[in-house]
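Q: My questions all concern the structure below.
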Amino acid sequence: MNIEVITKEDLQVLRLELLEDLKQFMSGLKQEPKKWLRSADVRKMLNISAGTLQNLRINGQLRPSKIGGSFFYAFQDIQSMMQADKKVTK
């Protein structure tokens, strides 16, 4: 029966290898954006006030779905609106 002694240096090397493996794994993950966003998320994303978001709804620039008392906005709609605005400002 062989007995192996593990030193602090061995543990340090193992730790560094595990950290490197985790970094590689995490960098390979792609986070998909949420399909539906709440009003607070949209306001934060666009850096706008609640009143501005309400105006976007009233003007028909954003068409949310209302479930209960909450508005939900399709991420794709927000991207489309931003792309359309980008083309107009060019």
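Here's how to read the names in the structure tokens: chain A, B, ... by the order shown, residue numbers from 1 in each chain, ligand numbers from 1 in the order shown.
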Extract, using only C-alpha atoms, all DNA, RNA and protein residues at most 10 Å from Trp36 in chain A, discarding same-chain residues fewer than 3 positions from it, and format them as a list in words.

A: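 Counting only C-alpha atoms, the residues come to Pro33, Ser39, Asp41, Val42, Pro64, Ser65, Phe71, Phe72, Tyr73, Ala74, Phe75, Gln76 and Asp77 of chain A.
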
Q: Those residues with N, CA and C atoms, as an mmCIF file, in the first residue's frame please?

A:
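Below is the file that was written, result-v1.cif:
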```cif
data_model
loop_
_atom_site.group_PDB
_atom_site.id
_atom_site.type_symbol
_atom_site.label_atom_id
_atom_site.label_comp_id
_atom_site.auth_asym_id
_atom_site.auth_seq_id
_atom_site.Cartn_x
_atom_site.Cartn_y
_atom_site.Cartn_z
ATOM 1 N N PRO A 33 -30.645 36.684 -23.676
ATOM 2 C CA PRO A 33 -31.462 37.678 -22.991
ATOM 3 C C PRO A 33 -32.853 37.116 -22.712
ATOM 4 N N SER A 39 -41.418 46.344 -16.660
ATOM 5 C CA SER A 39 -41.255 47.785 -16.880
ATOM 6 C C SER A 39 -39.956 48.300 -16.263
ATOM 7 N N ASP A 41 -37.181 46.739 -15.733
ATOM 8 C CA ASP A 41 -36.034 46.288 -16.526
ATOM 9 C C ASP A 41 -35.883 47.125 -17.794
ATOM 10 N N VAL A 42 -37.003 47.450 -18.422
ATOM 11 C CA VAL A 42 -36.974 48.256 -19.650
ATOM 12 C C VAL A 42 -36.476 49.668 -19.338
ATOM 13 N N PRO A 64 -46.789 46.501 -24.989
ATOM 14 C CA PRO A 64 -46.591 45.493 -23.951
ATOM 15 C C PRO A 64 -47.784 44.545 -23.851
ATOM 16 N N SER A 65 -47.540 43.460 -23.148
ATOM 17 C CA SER A 65 -48.631 42.566 -22.754
ATOM 18 C C SER A 65 -48.879 42.837 -21.278
ATOM 19 N N PHE A 71 -46.956 45.170 -16.705
ATOM 20 C CA PHE A 71 -46.685 45.197 -18.137
ATOM 21 C C PHE A 71 -45.432 44.382 -18.417
ATOM 22 N N PHE A 72 -45.474 43.606 -19.497
ATOM 23 C CA PHE A 72 -44.318 42.846 -19.942
ATOM 24 C C PHE A 72 -44.029 43.235 -21.385
ATOM 25 N N TYR A 73 -42.746 43.477 -21.653
ATOM 26 C CA TYR A 73 -42.329 43.938 -22.977
ATOM 27 C C TYR A 73 -41.457 42.867 -23.627
ATOM 28 N N ALA A 74 -41.690 42.611 -24.900
ATOM 29 C CA ALA A 74 -40.880 41.638 -25.639
ATOM 30 C C ALA A 74 -39.511 42.256 -25.914
ATOM 31 N N PHE A 75 -38.468 41.535 -25.569
ATOM 32 C CA PHE A 75 -37.106 42.017 -25.785
ATOM 33 C C PHE A 75 -36.886 42.342 -27.261
ATOM 34 N N GLN A 76 -37.449 41.532 -28.136
ATOM 35 C CA GLN A 76 -37.307 41.735 -29.582
ATOM 36 C C GLN A 76 -37.926 43.064 -30.012
ATOM 37 N N ASP A 77 -39.058 43.446 -29.400
ATOM 38 C CA ASP A 77 -39.696 44.723 -29.727
ATOM 39 C C ASP A 77 -38.808 45.902 -29.338
#
```

Q: Mind listing the alpha helix (DSSP H) residues of range 8-87 of chain A, per DSSP on the backbone, as a ChimeraX atom specification?

A: /A:8-28,39-46,50-58,75-87

Q: Work out how far apart CA of Ile67 in chain A and CA of Arg38 in chain A are and give it in Å to one decimal.

A: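 CA of Arg38 in chain A lies at a distance of 10.6 Å from CA of Ile67 in chain A.
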
Q: Can you tell me, as a PyMOL selection string, what residues are no more than 12 Å from Leu46 in chain A when counting only C-alpha atoms, ignoring any on the same chain fewer than 5 positions away?

A: chain A and resi 37+39-41+52-53+56+75+78-79+81-82
